[in-house]
file protein22.cif (mmCIF, C-alpha atoms and all ligand atoms)
data_entry
loop_
_atom_site.label_atom_id
_atom_site.label_comp_id
_atom_site.auth_asym_id
_atom_site.auth_seq_id
_atom_site.Cartn_x
_atom_site.Cartn_y
_atom_site.Cartn_z
CA MET A 1 -1.72 -2.75 3.21
CA PHE A 2 1.30 -4.39 4.81
CA GLY A 3 1.85 -6.85 7.59
CA LYS A 4 5.08 -6.84 9.51
CA THR A 5 7.68 -4.48 8.04
CA PHE A 6 11.35 -3.92 8.84
CA ASN A 7 13.19 -0.64 8.35
CA LEU A 8 16.35 -0.89 6.28
CA PHE A 9 17.75 2.64 5.90
CA ASP A 10 16.86 6.15 4.75
CA LEU A 11 17.37 7.24 1.16
CA PHE A 12 16.80 10.87 0.07
CA GLY A 13 14.75 11.25 3.24
CA PHE A 14 12.50 8.26 2.48
CA ARG A 15 12.38 5.36 4.88
CA ILE A 16 13.16 2.15 3.03
CA GLN A 17 11.27 -0.84 4.44
CA ILE A 18 10.81 -4.46 3.61
CA ASP A 19 7.54 -6.24 4.18
CA VAL A 20 7.90 -9.87 5.32
CA THR A 21 6.34 -11.02 2.03
CA TRP A 22 9.40 -9.65 0.21
CA LEU A 23 11.46 -12.43 1.77
CA PHE A 24 9.39 -14.92 -0.19
CA LEU A 25 10.07 -13.10 -3.46
CA ALA A 26 13.77 -12.77 -2.55
CA LEU A 27 14.02 -16.52 -1.92
CA LEU A 28 12.17 -17.38 -5.12
CA VAL A 29 14.38 -15.06 -7.18
CA THR A 30 17.59 -16.35 -5.59
CA TRP A 31 16.52 -19.93 -6.13
CA SER A 32 15.50 -19.50 -9.77
CA LEU A 33 18.70 -17.57 -10.56
CA ALA A 34 20.92 -20.14 -8.82
CA VAL A 35 19.40 -23.27 -10.36
CA GLY A 36 17.95 -21.90 -13.62
CA PHE A 37 19.12 -18.62 -15.11
CA PHE A 38 22.86 -18.60 -14.37
CA PRO A 39 23.62 -22.33 -14.94
CA ALA A 40 21.79 -22.15 -18.29
CA LEU A 41 23.72 -19.10 -19.48
CA TYR A 42 27.12 -19.89 -17.97
CA PRO A 43 27.54 -23.66 -17.68
CA GLY A 44 30.24 -25.22 -15.53
CA LEU A 45 30.83 -22.50 -12.92
CA GLY A 46 29.89 -24.60 -9.88
CA GLU A 47 27.00 -24.46 -7.45
CA THR A 48 28.63 -22.20 -4.87
CA LEU A 49 29.43 -19.58 -7.45
CA TYR A 50 25.90 -19.78 -8.89
CA LEU A 51 24.48 -19.25 -5.43
CA SER A 52 26.68 -16.20 -4.76
CA MET A 53 25.80 -14.76 -8.17
CA ALA A 54 22.12 -15.35 -7.38
CA ILE A 55 22.36 -13.59 -4.02
CA VAL A 56 24.12 -10.59 -5.56
CA GLY A 57 21.53 -10.58 -8.33
CA MET A 58 18.67 -10.65 -5.82
CA ILE A 59 20.19 -7.74 -3.87
CA GLY A 60 20.63 -5.91 -7.16
CA LEU A 61 16.96 -6.52 -7.94
CA GLY A 62 16.01 -5.06 -4.54
CA ALA A 63 18.20 -2.01 -5.18
CA SER A 64 16.68 -1.60 -8.66
CA LEU A 65 13.16 -1.69 -7.23
CA ILE A 66 14.09 0.85 -4.56
CA LEU A 67 15.59 3.22 -7.14
CA HIS A 68 12.50 2.84 -9.33
CA GLU A 69 10.27 3.81 -6.40
CA ALA A 70 12.65 6.58 -5.30
CA ALA A 71 12.26 8.16 -8.75
CA HIS A 72 8.46 8.21 -8.26
CA ALA A 73 8.90 9.55 -4.74
CA LEU A 74 11.30 12.34 -5.71
CA VAL A 75 8.94 13.66 -8.38
CA ALA A 76 6.03 13.37 -5.94
CA ARG A 77 7.94 15.39 -3.36
CA ALA A 78 8.81 18.03 -5.95
CA TYR A 79 5.04 18.46 -6.39
CA GLY A 80 4.46 18.75 -2.66
CA LEU A 81 3.07 15.23 -2.15
CA PRO A 82 4.66 13.75 0.95
CA ILE A 83 5.99 10.21 0.82
CA LYS A 84 7.48 8.65 3.92
CA TYR A 85 7.96 5.02 3.04
CA ILE A 86 9.26 3.00 0.16
CA THR A 87 8.38 -0.62 0.77
CA LEU A 88 9.52 -3.81 -0.91
CA PHE A 89 6.82 -6.49 -0.88
CA ILE A 90 5.91 -9.67 -2.67
CA PHE A 91 5.06 -8.01 -6.00
CA GLY A 92 7.97 -5.56 -6.07
CA GLY A 93 8.21 -2.08 -4.60
CA VAL A 94 5.76 0.64 -3.70
CA ALA A 95 6.09 4.27 -2.65
CA GLN A 96 3.16 5.05 -0.39
CA LEU A 97 1.50 8.31 -1.35
CA GLU A 98 -0.40 10.05 1.41
CA ARG A 99 -2.50 12.02 -1.05
CA GLU A 100 -3.36 11.61 -4.70
CA PRO A 101 -1.70 13.98 -7.19
CA GLU A 102 -3.75 17.13 -7.76
CA THR A 103 -3.02 17.75 -11.41
CA ALA A 104 -2.81 15.58 -14.51
CA ARG A 105 0.67 16.91 -15.18
CA SER A 106 2.06 15.96 -11.77
CA GLU A 107 0.48 12.51 -11.95
CA PHE A 108 1.89 11.92 -15.42
CA LEU A 109 5.44 12.94 -14.50
CA MET A 110 5.28 10.97 -11.28
CA ALA A 111 4.08 7.87 -13.10
CA ILE A 112 6.71 7.84 -15.82
CA ALA A 113 9.62 8.67 -13.49
CA GLY A 114 9.79 5.06 -12.23
CA PRO A 115 9.94 3.26 -15.59
CA LEU A 116 12.35 5.90 -16.91
CA MET A 117 14.64 5.18 -13.95
CA SER A 118 14.42 1.44 -14.66
CA LEU A 119 15.24 1.97 -18.32
CA ALA A 120 18.18 4.21 -17.37
CA LEU A 121 19.42 1.50 -14.99
CA ALA A 122 19.01 -1.06 -17.79
CA GLY A 123 21.18 1.19 -19.98
CA LEU A 124 23.81 1.39 -17.25
CA GLY A 125 23.66 -2.36 -16.76
CA TYR A 126 24.08 -2.93 -20.48
CA LEU A 127 27.07 -0.59 -20.58
CA ALA A 128 28.70 -2.26 -17.58
CA TRP A 129 28.02 -5.70 -19.07
CA THR A 130 29.68 -4.85 -22.41
CA ILE A 131 32.64 -3.31 -20.59
CA ALA A 132 32.97 -6.46 -18.46
CA LEU A 133 32.92 -8.60 -21.61
CA ALA A 134 35.43 -6.40 -23.43
CA ALA A 135 37.77 -6.28 -20.44
CA ASP A 136 37.51 -10.06 -20.05
CA LEU A 137 36.31 -9.79 -16.45
CA PRO A 138 35.13 -13.02 -14.77
CA GLN A 139 31.98 -14.61 -16.22
CA SER A 140 30.29 -14.47 -12.83
CA LEU A 141 30.51 -10.67 -12.74
CA ALA A 142 29.41 -10.29 -16.34
CA GLY A 143 26.52 -12.67 -15.65
CA VAL A 144 25.19 -10.60 -12.76
CA LEU A 145 25.49 -7.38 -14.78
CA TYR A 146 23.63 -9.05 -17.64
CA TYR A 147 20.86 -10.11 -15.25
CA LEU A 148 20.57 -6.55 -13.86
CA PHE A 149 20.36 -5.19 -17.40
CA LEU A 150 17.59 -7.65 -18.26
CA ILE A 151 15.59 -7.25 -15.07
CA ASN A 152 15.61 -3.43 -15.26
CA LEU A 153 14.58 -3.59 -18.91
CA LEU A 154 11.73 -5.88 -17.86
CA LEU A 155 10.75 -3.64 -14.93
CA GLY A 156 10.72 -0.56 -17.14
CA GLY A 157 8.85 -2.33 -19.94
CA PHE A 158 6.28 -4.12 -17.78
CA ASN A 159 5.45 -0.99 -15.83
CA MET A 160 4.94 1.01 -19.03
CA ILE A 161 1.99 -1.22 -20.02
CA PRO A 162 -0.99 1.15 -19.96
CA ALA A 163 -2.99 -0.86 -17.43
CA PHE A 164 -3.94 0.75 -14.12
CA PRO A 165 -2.48 0.46 -11.46
CA LEU A 166 0.78 -0.07 -13.33
CA ASP A 167 2.75 3.13 -13.99
CA GLY A 168 1.75 3.08 -17.65
CA GLY A 169 -1.90 2.93 -16.56
CA ARG A 170 -1.38 5.92 -14.28
CA ALA A 171 0.25 7.80 -17.14
CA LEU A 172 -2.68 6.87 -19.37
CA ARG A 173 -5.11 8.09 -16.74
CA ALA A 174 -3.21 11.36 -16.41
CA LEU A 175 -3.26 11.90 -20.19
CA LEU A 176 -7.01 11.24 -20.38
CA TRP A 177 -7.59 13.39 -17.32
CA GLY A 178 -5.59 16.26 -18.83
CA TRP A 179 -7.42 15.87 -22.12
CA ARG A 180 -11.02 15.95 -20.88
CA GLY A 181 -10.58 17.27 -17.38
CA ASP A 182 -12.67 14.40 -15.97
CA LEU A 183 -10.72 12.35 -13.44
CA LEU A 184 -13.55 9.89 -12.80
CA TRP A 185 -13.93 9.05 -16.47
CA ALA A 186 -10.15 8.78 -16.89
CA THR A 187 -9.93 6.44 -13.91
CA LYS A 188 -12.74 4.29 -15.28
CA ILE A 189 -10.98 3.77 -18.60
CA ALA A 190 -7.56 3.18 -17.03
CA ALA A 191 -9.08 0.73 -14.53
CA THR A 192 -10.87 -1.12 -17.34
CA SER A 193 -7.59 -1.52 -19.21
CA GLY A 194 -6.09 -2.75 -15.94
CA SER A 195 -8.80 -5.40 -15.58
CA ILE A 196 -8.39 -6.57 -19.17
CA PHE A 197 -4.63 -6.81 -18.71
CA ALA A 198 -5.16 -8.70 -15.45
CA PHE A 199 -7.33 -11.28 -17.25
CA ILE A 200 -4.64 -11.71 -19.91
CA LEU A 201 -2.05 -12.29 -17.17
CA ILE A 202 -4.30 -14.75 -15.38
CA GLY A 203 -4.99 -16.61 -18.64
CA PHE A 204 -1.33 -16.81 -19.63
CA GLY A 205 -0.44 -17.79 -16.08
CA ILE A 206 -2.79 -20.77 -16.25
CA LEU A 207 -1.44 -21.74 -19.69
CA ARG A 208 2.13 -21.56 -18.47
CA ALA A 209 1.33 -23.56 -15.36
CA VAL A 210 -0.37 -26.40 -17.23
CA SER A 211 2.34 -26.46 -19.90
CA GLY A 212 4.99 -27.27 -17.32
CA ASP A 213 6.28 -23.96 -15.91
CA LEU A 214 4.37 -24.19 -12.64
CA VAL A 215 6.26 -21.53 -10.66
CA GLY A 216 6.27 -18.95 -13.45
CA GLY A 217 2.63 -19.66 -14.24
CA VAL A 218 1.40 -19.38 -10.66
CA TRP A 219 3.40 -16.20 -10.31
CA MET A 220 1.74 -14.61 -13.36
CA PHE A 221 -1.64 -15.77 -12.11
CA LEU A 222 -1.07 -14.12 -8.72
CA ILE A 223 0.16 -10.87 -10.26
CA GLY A 224 -2.96 -10.91 -12.44
CA LEU A 225 -5.19 -11.24 -9.37
CA PHE A 226 -3.29 -8.44 -7.67
CA VAL A 227 -3.59 -6.09 -10.67
CA ARG A 228 -7.28 -6.87 -10.99
CA ALA A 229 -8.02 -6.16 -7.33
CA ALA A 230 -6.03 -2.92 -7.46
CA ALA A 231 -7.69 -1.78 -10.69
CA GLN A 232 -11.17 -2.37 -9.29
CA GLY A 233 -10.29 -0.91 -5.91
CA SER A 234 -8.91 2.26 -7.45
CA TYR A 235 -12.15 2.95 -9.27
CA SER A 236 -14.49 2.36 -6.38
CA GLU A 237 -12.22 4.37 -4.13
CA MET A 238 -12.33 7.19 -6.62
CA ILE A 239 -16.14 7.16 -6.59
CA THR A 240 -16.16 7.15 -2.80
CA HIS A 241 -13.81 10.09 -2.69
CA ARG A 242 -15.81 11.94 -5.29
CA LEU A 243 -18.93 11.57 -3.13
CA LEU A 244 -17.34 12.24 0.21
CA ASP A 245 -14.70 14.89 -0.44
CA GLU A 246 -15.45 18.11 1.35
CA VAL A 247 -18.28 16.66 3.39
CA PRO A 248 -17.23 17.68 6.91
CA VAL A 249 -16.58 14.79 9.24
CA THR A 250 -18.28 16.65 12.10
CA ARG A 251 -21.62 15.94 10.42
CA PHE A 252 -21.22 12.29 11.46
CA LEU A 253 -20.16 12.74 15.05
CA HIS A 254 -21.65 10.56 17.76
CA GLU A 255 -22.41 12.99 20.51
CA PRO A 256 -21.60 12.72 23.25
CA ALA A 257 -19.02 9.96 22.86
CA VAL A 258 -18.77 7.90 26.04
CA SER A 259 -15.16 8.14 27.08
CA VAL A 260 -13.38 5.96 29.60
CA PRO A 261 -10.84 6.99 32.25
CA ALA A 262 -7.40 5.52 31.53
CA ASP A 263 -6.87 4.22 35.07
CA LEU A 264 -10.09 2.17 35.21
CA SER A 265 -9.56 -1.60 35.52
CA ILE A 266 -10.60 -3.73 32.58
CA GLU A 267 -13.10 -5.53 34.80
CA ASP A 268 -14.85 -2.28 35.72
CA PHE A 269 -14.64 -1.14 32.12
CA VAL A 270 -16.50 -4.24 30.97
CA GLN A 271 -19.09 -4.10 33.78
CA ASP A 272 -19.78 -0.35 33.79
CA TYR A 273 -19.25 0.57 30.17
CA VAL A 274 -19.36 -2.30 27.68
CA TYR A 275 -22.33 -4.09 29.30
CA VAL A 276 -24.15 -0.81 29.90
CA THR A 277 -23.68 1.26 26.76
CA HIS A 278 -23.14 -1.65 24.32
CA ALA A 279 -20.85 0.57 22.28
CA ASP A 280 -17.93 -1.17 20.64
CA PHE A 281 -15.51 1.74 20.65
CA TYR A 282 -14.42 4.06 23.46
CA PRO A 283 -12.11 7.09 23.56
CA VAL A 284 -9.79 6.93 26.59
CA VAL A 285 -9.15 10.08 28.64
CA GLU A 286 -6.94 11.22 31.47
CA GLY A 287 -9.00 13.93 33.13
CA ARG A 288 -10.22 15.80 30.07
CA ARG A 289 -7.21 14.96 27.95
CA LEU A 290 -7.64 12.40 25.19
CA VAL A 291 -4.90 9.74 25.41
CA GLY A 292 -6.05 6.77 23.32
CA SER A 293 -8.90 4.51 22.37
CA LEU A 294 -10.14 1.04 23.19
CA ALA A 295 -12.39 -1.17 21.09
CA ALA A 296 -14.40 -3.78 22.98
CA ARG A 297 -13.11 -6.46 20.65
CA GLN A 298 -9.52 -5.70 21.70
CA LEU A 299 -10.41 -7.39 24.99
CA ARG A 300 -10.48 -10.77 23.27
CA ARG A 301 -6.71 -10.75 23.46
CA VAL A 302 -6.74 -10.16 27.21
CA PRO A 303 -7.21 -13.32 29.34
CA LYS A 304 -10.19 -12.92 31.64
CA GLY A 305 -8.08 -13.77 34.68
CA ARG A 306 -6.11 -10.55 34.20
CA TRP A 307 -9.07 -8.17 33.85
CA ARG A 308 -8.86 -7.15 37.52
CA ASN A 309 -5.17 -6.27 37.40
CA LEU A 310 -4.92 -4.55 34.04
CA SER A 311 -6.08 -0.99 33.46
CA VAL A 312 -7.60 0.51 30.35
CA ALA A 313 -4.31 2.33 29.74
CA ASP A 314 -2.48 -1.03 29.59
CA VAL A 315 -4.64 -2.35 26.77
CA MET A 316 -5.68 0.76 24.83
CA THR A 317 -4.31 1.93 21.49
CA PRO A 318 -2.32 5.11 22.15
CA LEU A 319 -3.11 8.20 20.08
CA SER A 320 -1.56 8.35 16.66
CA ARG A 321 -1.94 10.44 13.55
CA ASP A 322 -4.33 7.87 12.10
CA THR A 323 -6.61 7.31 15.07
CA VAL A 324 -7.61 10.98 15.34
CA VAL A 325 -8.60 13.63 12.81
CA GLY A 326 -9.18 17.32 13.39
CA PRO A 327 -12.67 18.87 13.35
CA SER A 328 -11.96 20.48 9.98
CA ALA A 329 -11.26 17.09 8.33
CA ASP A 330 -13.57 15.86 5.61
CA VAL A 331 -15.05 12.40 5.34
CA ALA A 332 -12.47 11.27 2.78
CA GLN A 333 -9.69 11.98 5.29
CA ALA A 334 -11.55 10.08 7.99
CA LEU A 335 -11.89 7.09 5.63
CA THR A 336 -8.20 7.21 4.78
CA ALA A 337 -7.34 7.18 8.48
CA MET A 338 -9.61 4.16 9.06
CA ARG A 339 -8.12 2.32 6.13
CA ARG A 340 -4.63 2.88 7.51
CA THR A 341 -5.49 1.56 10.95
CA GLY A 342 -7.87 -1.13 9.71
CA ARG A 343 -10.40 0.00 12.33
CA ASP A 344 -13.98 1.02 11.85
CA HIS A 345 -13.90 4.13 14.02
CA VAL A 346 -11.94 7.34 14.07
CA MET A 347 -11.94 10.00 16.78
CA VAL A 348 -12.39 13.68 16.11
CA ALA A 349 -10.44 15.95 18.43
CA GLU A 350 -9.15 19.46 18.61
CA GLY A 351 -5.72 19.19 20.19
CA ALA A 352 -6.25 16.84 23.14
CA GLU A 353 -9.91 17.74 23.47
CA LEU A 354 -12.28 15.07 22.23
CA ARG A 355 -15.16 16.19 20.01
CA GLY A 356 -16.62 12.80 19.24
CA VAL A 357 -16.31 9.56 17.33
CA VAL A 358 -17.18 8.73 13.72
CA ALA A 359 -18.15 5.18 12.79
CA LEU A 360 -17.49 3.60 9.41
CA SER A 361 -20.99 2.08 9.35
CA GLU A 362 -22.51 5.55 9.51
CA LEU A 363 -20.40 6.75 6.61
CA GLN A 364 -21.37 3.71 4.59
CA ARG A 365 -25.05 4.30 5.27
CA TYR A 366 -24.71 7.88 4.12
CA LEU A 367 -22.75 6.81 1.06
CA SER A 368 -25.23 4.21 -0.14
CA PHE A 369 -28.09 6.62 0.48
CA LYS A 370 -26.37 9.33 -1.51
CA LEU A 371 -25.52 6.96 -4.33
CA GLU A 372 -29.13 5.80 -4.52
CA ILE A 373 -30.55 9.30 -4.68
CA GLU A 374 -28.00 10.72 -7.09
CA GLN A 375 -28.05 7.82 -9.48
CA SER A 376 -31.81 7.73 -9.77
CA GLY A 377 -31.84 11.40 -10.79
ZN ZN B 401 6.53 2.29 -10.70
#

call {"tool": "encode", "arguments": {"input": "protein22.cif", "output": "structure tokens"}}
result
Amino acid sequence: MFGKTFNLFDLFGFRIQIDVTWLFLALLVTWSLAVGFFPALYPGLGETLYLSMAIVGMIGLGASLILHEAAHALVARAYGLPIKYITLFIFGGVAQLEREPETARSEFLMAIAGPLMSLALAGLGYLAWTIALAADLPQSLAGVLYYLFLINLLLGGFNMIPAFPLDGGRALRALLWGWRGDLLWATKIAATSGSIFAFILIGFGILRAVSGDLVGGVWMFLIGLFVRAAAQGSYSEMITHRLLDEVPVTRFLHEPAVSVPADLSIEDFVQDYVYVTHADFYPVVEGRRLVGSLAARQLRRVPKGRWRNLSVADVMTPLSRDTVVGPSADVAQALTAMRRTGRDHVMVAEGAELRGVVALSELQRYLSFKLEIEQSG
């Protein structure tokens, strides 16, 4: 989902990261606070002070987003769902779940934890703001506190809108799921409300843009597109999972997978493997031990003049949790691994012993076949 990310620090055992796209949001927020929000509310403070207030406000926004996500993540962890990363990106923050919640109750509590945290922060901000006013503290300080109150109120309120994938939409899905016990149906309704809400955002965004507020309008428009894509994606992903859960991945193994010795030169690899087997994906082994993988298309990044001097080990992708699954994995897990790596193959291995390779195309073929048969019945 993300491009380049930077680690900031650990909070409650979660790794806090920023995605490069967050920098764009941070700049936009700083700019609009420094030239719009603060000068309008507190005239005559001077540009330097506005800029410092804006920077503090932007950092406060980042901290608010992180705390919102941390609330989700803490509840998730209490229900045994591991979360490693909390990431700030262009549309706010996200806590990356490795698995979906297993019960309606856990999903509901997880979903509302974030907005509740934001509303609590808004309350704190409001309290601090009134104290600052009563104690006659500098306007710049009161102004930042007022902004943090407002932005947390907005974060809490916006996320409570019952439109999937917003938190309110997740809560709605959990309620429907708990009521009828049908997750697919619940997801369909929550995703529909998400799509409708996305169209409203897109519409208002266009209206705002043509009526003069270009930045705000484009922003709403983009958030609308994002919500729409996520709402649709969540539903089709749910169908895929429904069809593929518990289908063992070993049913789709290519056997035997042609594996390549790590010390082979790229030139020999191309001549003796790629041009002979025409496969586009190769496990890499040292002796019998699996050490990585190499896709033929990865060679595009290697200048032809260096093929003689570089070995397969120099170019391959080393083993990682997402390039290999165990033989007991089901197809849904294999798909998740492929989505994480953005590749269309995943290896199946027991320890360091390769069992075979599963290709995305094969899974898709199976899926469309199964859909066709089951829907006609
Ligand atoms: Zn949230």

call {"tool": "residues_near_ligand", "arguments": {"input": "protein22.cif", "ligand": "ligand ZN 401 (chain B)", "cutoff": "8 Å", "atoms": "only C-alpha atoms and all ligand atoms", "output": "PyMOL selection string"}}
result
chain A and resi 68-69+72+93-94+111-115+159+166-167

call {"tool": "axis_aligned_box", "arguments": {"input": "protein22.cif", "around": "segment 47-50 of chain A", "padding_each_side": "5 Å", "output": "JSON"}}
result
{"center_x": 27.7, "center_y": -22.0, "center_z": -6.9, "size_x": 13.5, "size_y": 14.9, "size_z": 14.0}

call {"tool": "atom_distance", "arguments": {"input": "protein22.cif", "atom1": "atom CA of Ser361 of chain A", "atom2": "atom CA of His254 of chain A"}}
result
12.0 Å

call {"tool": "residues_around", "arguments": {"input": "protein22.cif", "residues": "Ala122 of chain A", "least_positions_apart": "4", "cutoff": "6 Å", "atoms": "all atoms listed in the file", "output": "MDAnalysis selection string"}}
result
chainID A and resid 149 152:153

call {"tool": "closest_residue", "arguments": {"input": "protein22.cif", "among": "A:Ser106, A:Ser234, A:Ser193, A:Asn309", "to": "Ala174 of chain A", "atoms": "only C-alpha atoms"}}
result
A:Ser106

call {"tool": "atom_distance", "arguments": {"input": "protein22.cif", "atom1": "atom CA of Arg288 of chain A", "atom2": "atom CA of Gly356 of chain A"}}
result
12.9 Å

call {"tool": "residues_around", "arguments": {"input": "protein22.cif", "residues": "Ile18 of chain A", "least_positions_apart": "3", "cutoff": "6 Å", "atoms": "all atoms listed in the file", "output": "PyMOL selection string"}}
result
chain A and resi 5-6+87-88

call {"tool": "residues_around", "arguments": {"input": "protein22.cif", "residues": "Asp263 of chain A", "least_positions_apart": "2", "cutoff": "10 Å", "atoms": "all atoms listed in the file", "output": "list in words"}}
result
Val260, Pro261, Ser265, Ile266, Phe269, Val284, Val285, Glu286, Leu310, Ser311, Val312, Ala313 and Asp314 of chain A

call {"tool": "write_last_selection", "arguments": {"input": "protein22.cif", "atoms": "C-alpha atoms", "output": "PDB file, in the coordinates of the input"}}
result
ATOM      1  CA  VAL A 260     -13.380   5.960  29.600  1.00  0.00           C
ATOM      2  CA  PRO A 261     -10.840   6.990  32.250  1.00  0.00           C
ATOM      3  CA  SER A 265      -9.560  -1.600  35.520  1.00  0.00           C
ATOM      4  CA  ILE A 266     -10.600  -3.730  32.580  1.00  0.00           C
ATOM      5  CA  PHE A 269     -14.640  -1.140  32.120  1.00  0.00           C
ATOM      6  CA  VAL A 284      -9.790   6.930  26.590  1.00  0.00           C
ATOM      7  CA  VAL A 285      -9.150  10.080  28.640  1.00  0.00           C
ATOM      8  CA  GLU A 286      -6.940  11.220  31.470  1.00  0.00           C
ATOM      9  CA  LEU A 310      -4.920  -4.550  34.040  1.00  0.00           C
ATOM     10  CA  SER A 311      -6.080  -0.990  33.460  1.00  0.00           C
ATOM     11  CA  VAL A 312      -7.600   0.510  30.350  1.00  0.00           C
ATOM     12  CA  ALA A 313      -4.310   2.330  29.740  1.00  0.00           C
ATOM     13  CA  ASP A 314      -2.480  -1.030  29.590  1.00  0.00           C
TER      14      ASP A 314
END

call {"tool": "decode", "arguments": {"input": "protein22.cif", "residues": "segment 278-290 of chain A", "atoms": "N, CA and C atoms", "output": "compact mmCIF listing (two decimals), in the first residue's frame"}}
result
# COMPACT_ATOMS: atom_id res chain seq x y z
N HIS A 278 11.37 -20.78 -20.00
CA HIS A 278 10.40 -19.70 -20.23
C HIS A 278 9.55 -19.38 -19.00
N ALA A 279 9.99 -19.83 -17.83
CA ALA A 279 9.25 -19.45 -16.63
C ALA A 279 9.61 -18.01 -16.29
N ASP A 280 8.75 -17.33 -15.55
CA ASP A 280 9.11 -15.96 -15.20
C ASP A 280 9.47 -15.82 -13.72
N PHE A 281 9.51 -16.94 -13.01
CA PHE A 281 9.80 -16.85 -11.58
C PHE A 281 10.59 -18.09 -11.15
N TYR A 282 11.69 -17.85 -10.41
CA TYR A 282 12.55 -18.96 -10.02
C TYR A 282 12.93 -18.88 -8.54
N PRO A 283 12.71 -19.96 -7.79
CA PRO A 283 13.27 -20.03 -6.44
C PRO A 283 14.80 -20.14 -6.56
N VAL A 284 15.52 -19.56 -5.59
CA VAL A 284 16.98 -19.63 -5.61
C VAL A 284 17.44 -20.50 -4.43
N VAL A 285 18.34 -21.44 -4.71
CA VAL A 285 18.78 -22.36 -3.66
C VAL A 285 20.30 -22.35 -3.51
N GLU A 286 20.73 -22.65 -2.29
CA GLU A 286 22.13 -22.96 -2.03
C GLU A 286 22.15 -24.41 -1.62
N GLY A 287 22.67 -25.29 -2.49
CA GLY A 287 22.53 -26.72 -2.23
C GLY A 287 21.05 -27.04 -2.27
N ARG A 288 20.50 -27.52 -1.15
CA ARG A 288 19.06 -27.80 -1.15
C ARG A 288 18.29 -26.75 -0.34
N ARG A 289 19.06 -25.77 0.15
CA ARG A 289 18.44 -24.79 1.04
C ARG A 289 17.91 -23.62 0.25
N LEU A 290 16.64 -23.29 0.47
CA LEU A 290 16.02 -22.16 -0.21
C LEU A 290 16.57 -20.85 0.38
